[in-house]
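Visitor: Let me give you the structure first, and then I'll get to my questions.
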Amino acid sequence: MKYLYTATFHPIEDGSGYYARVPDLPGCVTTGRDLQDAIKQISDAAAGWLVSAEDEGLNICPPTPQAQLRLADDALCSFIQVDTLAYRALTDTRSVRKNVSLPAWMASMADKRGINCSQVLQEGLKQRLELR
């Protein structure tokens with residue numbers, strides 16, 4: 001699933017970087033050593049937040065338009081785009097055993113030709129899920 005949210009950034013008082021949050025995702029906060037790092041960190045934090053919410057079946061509120069956000073005078077905003085399918089592909093690399101059914105002749109031919117059915121299935125699913 002793809003999402004687009006506004007992230008806000010506030011300079012840390014001691015000048016050591018930026019505090020970042022996504023106002024529409026409660027508790028989605030982080031810091032970065034500079035603005036570029038803060039954008040990277042909040043994008044990752046939002047992806048983790050959204051993946052967890054999807055997995056738990058939690059309500060994911062739509063993004064608030066930037067004009068409606070209440071911002072401090074020193075705040076900066078940026079849109080961040082999160083693709084939870086891509087995030088899952090990068091972070092959840094554990095293998096899961098699945099039982100699949102194939103016609104006997106197909107399984108036999110694949111074995112004779114040294115074809116790894118698990119690998120072929122993974123490649124086909126990645127293509128079908130548009131992860132390439």
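Please note that chains go A, B, ... in the order of the structure tokens, that every chain numbers its residues from 1, and that ligands are numbered from 1 in the order shown.
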With DSSP run on the backbone, what are the helix (DSSP H, G or I) residues within segment 30-114 of chain A? I'd like them as a ChimeraX atom specification.

Guide: /A:35-56,66-68,84-91,104-112

Visitor: Export, as a short mmCIF file (atom, residue, chain, number, x, y, z; two decimals), in the first residue's frame, the selected residues with N, CA and C atoms.

Guide:
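This is the output file result13.cif:
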data_model
loop_
_atom_site.label_atom_id
_atom_site.label_comp_id
_atom_site.auth_asym_id
_atom_site.auth_seq_id
_atom_site.Cartn_x
_atom_site.Cartn_y
_atom_site.Cartn_z
N LEU A 35 18.64 17.92 8.35
CA LEU A 35 17.31 17.80 7.76
C LEU A 35 17.19 16.58 6.84
N GLN A 36 18.21 16.34 6.04
CA GLN A 36 18.19 15.19 5.13
C GLN A 36 18.10 13.89 5.92
N ASP A 37 18.88 13.76 6.99
CA ASP A 37 18.83 12.56 7.81
C ASP A 37 17.48 12.44 8.52
N ALA A 38 16.93 13.56 8.97
CA ALA A 38 15.64 13.54 9.65
C ALA A 38 14.53 13.07 8.70
N ILE A 39 14.58 13.48 7.44
CA ILE A 39 13.60 13.03 6.45
C ILE A 39 13.73 11.52 6.25
N LYS A 40 14.95 11.04 6.14
CA LYS A 40 15.18 9.60 5.98
C LYS A 40 14.66 8.83 7.20
N GLN A 41 14.97 9.33 8.38
CA GLN A 41 14.58 8.64 9.61
C GLN A 41 13.05 8.63 9.80
N ILE A 42 12.39 9.75 9.51
CA ILE A 42 10.93 9.79 9.71
C ILE A 42 10.23 8.95 8.65
N SER A 43 10.78 8.87 7.46
CA SER A 43 10.20 8.00 6.43
C SER A 43 10.26 6.55 6.88
N ASP A 44 11.38 6.15 7.45
CA ASP A 44 11.53 4.78 7.95
C ASP A 44 10.59 4.54 9.14
N ALA A 45 10.50 5.51 10.05
CA ALA A 45 9.62 5.38 11.21
C ALA A 45 8.15 5.27 10.77
N ALA A 46 7.76 6.06 9.78
CA ALA A 46 6.38 6.01 9.29
C ALA A 46 6.09 4.66 8.62
N ALA A 47 7.05 4.15 7.89
CA ALA A 47 6.86 2.84 7.25
C ALA A 47 6.65 1.76 8.31
N GLY A 48 7.47 1.78 9.36
CA GLY A 48 7.30 0.82 10.45
C GLY A 48 5.96 0.97 11.14
N TRP A 49 5.55 2.21 11.37
CA TRP A 49 4.27 2.49 12.02
C TRP A 49 3.12 1.95 11.17
N LEU A 50 3.15 2.24 9.87
CA LEU A 50 2.07 1.83 8.98
C LEU A 50 2.01 0.32 8.78
N VAL A 51 3.16 -0.33 8.68
CA VAL A 51 3.19 -1.79 8.56
C VAL A 51 2.58 -2.43 9.80
N SER A 52 2.95 -1.93 10.97
CA SER A 52 2.38 -2.45 12.22
C SER A 52 0.87 -2.23 12.27
N ALA A 53 0.43 -1.05 11.87
CA ALA A 53 -1.01 -0.76 11.87
C ALA A 53 -1.75 -1.68 10.90
N GLU A 54 -1.19 -1.90 9.72
CA GLU A 54 -1.82 -2.82 8.76
C GLU A 54 -1.91 -4.23 9.35
N ASP A 55 -0.82 -4.69 9.95
CA ASP A 55 -0.79 -6.04 10.51
C ASP A 55 -1.77 -6.22 11.65
N GLU A 56 -1.97 -5.18 12.44
CA GLU A 56 -2.86 -5.24 13.59
C GLU A 56 -4.31 -4.89 13.24
N GLN A 66 -1.86 19.94 4.51
CA GLN A 66 -0.85 20.76 5.19
C GLN A 66 -1.43 22.07 5.70
N ALA A 67 -2.33 22.68 4.96
CA ALA A 67 -2.90 23.96 5.37
C ALA A 67 -3.69 23.86 6.67
N GLN A 68 -4.12 22.67 7.02
CA GLN A 68 -4.91 22.49 8.24
C GLN A 68 -4.06 22.07 9.45
N THR A 84 4.41 0.43 1.84
CA THR A 84 4.56 -0.63 2.84
C THR A 84 4.92 -1.97 2.21
N LEU A 85 4.53 -2.23 0.97
CA LEU A 85 4.94 -3.48 0.32
C LEU A 85 6.45 -3.49 0.10
N ALA A 86 7.00 -2.39 -0.38
CA ALA A 86 8.44 -2.29 -0.59
C ALA A 86 9.18 -2.38 0.75
N TYR A 87 8.64 -1.74 1.78
CA TYR A 87 9.26 -1.79 3.11
C TYR A 87 9.28 -3.22 3.64
N ARG A 88 8.18 -3.93 3.47
CA ARG A 88 8.13 -5.34 3.90
C ARG A 88 9.18 -6.17 3.16
N ALA A 89 9.31 -5.93 1.87
CA ALA A 89 10.28 -6.70 1.07
C ALA A 89 11.71 -6.47 1.56
N LEU A 90 11.99 -5.27 2.05
CA LEU A 90 13.33 -4.96 2.53
C LEU A 90 13.60 -5.45 3.96
N THR A 91 12.55 -5.49 4.78
CA THR A 91 12.78 -5.75 6.20
C THR A 91 12.34 -7.12 6.69
N ALA A 104 1.56 -33.69 -11.07
CA ALA A 104 2.68 -34.61 -10.89
C ALA A 104 3.69 -34.50 -12.03
N TRP A 105 3.19 -34.39 -13.27
CA TRP A 105 4.10 -34.32 -14.41
C TRP A 105 4.97 -33.07 -14.35
N MET A 106 4.38 -31.95 -13.85
CA MET A 106 5.11 -30.69 -13.77
C MET A 106 6.20 -30.76 -12.71
N ALA A 107 5.86 -31.32 -11.54
CA ALA A 107 6.84 -31.47 -10.46
C ALA A 107 7.98 -32.37 -10.91
N SER A 108 7.65 -33.46 -11.61
CA SER A 108 8.67 -34.40 -12.09
C SER A 108 9.59 -33.73 -13.11
N MET A 109 9.02 -32.98 -14.03
CA MET A 109 9.82 -32.30 -15.05
C MET A 109 10.72 -31.24 -14.42
N ALA A 110 10.18 -30.50 -13.44
CA ALA A 110 10.98 -29.47 -12.76
C ALA A 110 12.15 -30.12 -12.04
N ASP A 111 11.91 -31.26 -11.36
CA ASP A 111 12.99 -31.98 -10.67
C ASP A 111 14.06 -32.42 -11.65
N LYS A 112 13.64 -33.00 -12.78
CA LYS A 112 14.58 -33.49 -13.78
C LYS A 112 15.44 -32.37 -14.37
#

Visitor: Interatomic distance between atom CA of Asp24 of chain A and atom CA of Thr93 of chain A?

Guide: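 One can read the atom CA of Asp24 of chain A to atom CA of Thr93 of chain A distance as 28.5 Å.
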
Visitor: So which bits of segment 72-111 of chain A end up strand (DSSP E or B) when you DSSP the backbone, as a PyMOL selection string?

Guide: chain A and resi 76-83

Visitor: Between A:Asp92, A:Gly124, A:Leu129, A:Asp74, which residue has the minimum interatomic distance to Glu13 of chain A, considering only C-alpha atoms?

Guide: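 Checking each candidate against Glu13 of chain A, we get A:Asp74 as the closest.
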
Visitor: Atom CA of Leu71 of chain A to atom CA of Ser16 of chain A: how many Å, to one decimal?

Guide: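 Taking atom CA of Leu71 of chain A and atom CA of Ser16 of chain A, their separation equals 20.8 Å.
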
Visitor: Give the answer as one residue: which of A:Met1, A:Thr6, A:Ser118, A:Pro11 has the shortest atom-to-atom distance to Ala72 of chain A, using only C-alpha atoms?

Guide: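 Nearest to Ala72 of chain A: A:Pro11.
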
Visitor: Between atom CA of Arg33 of chain A and atom CA of Phe79 of chain A, what is the spacing in Å?

Guide: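 Rounded to one decimal, the two atoms are 19.0 Å apart.
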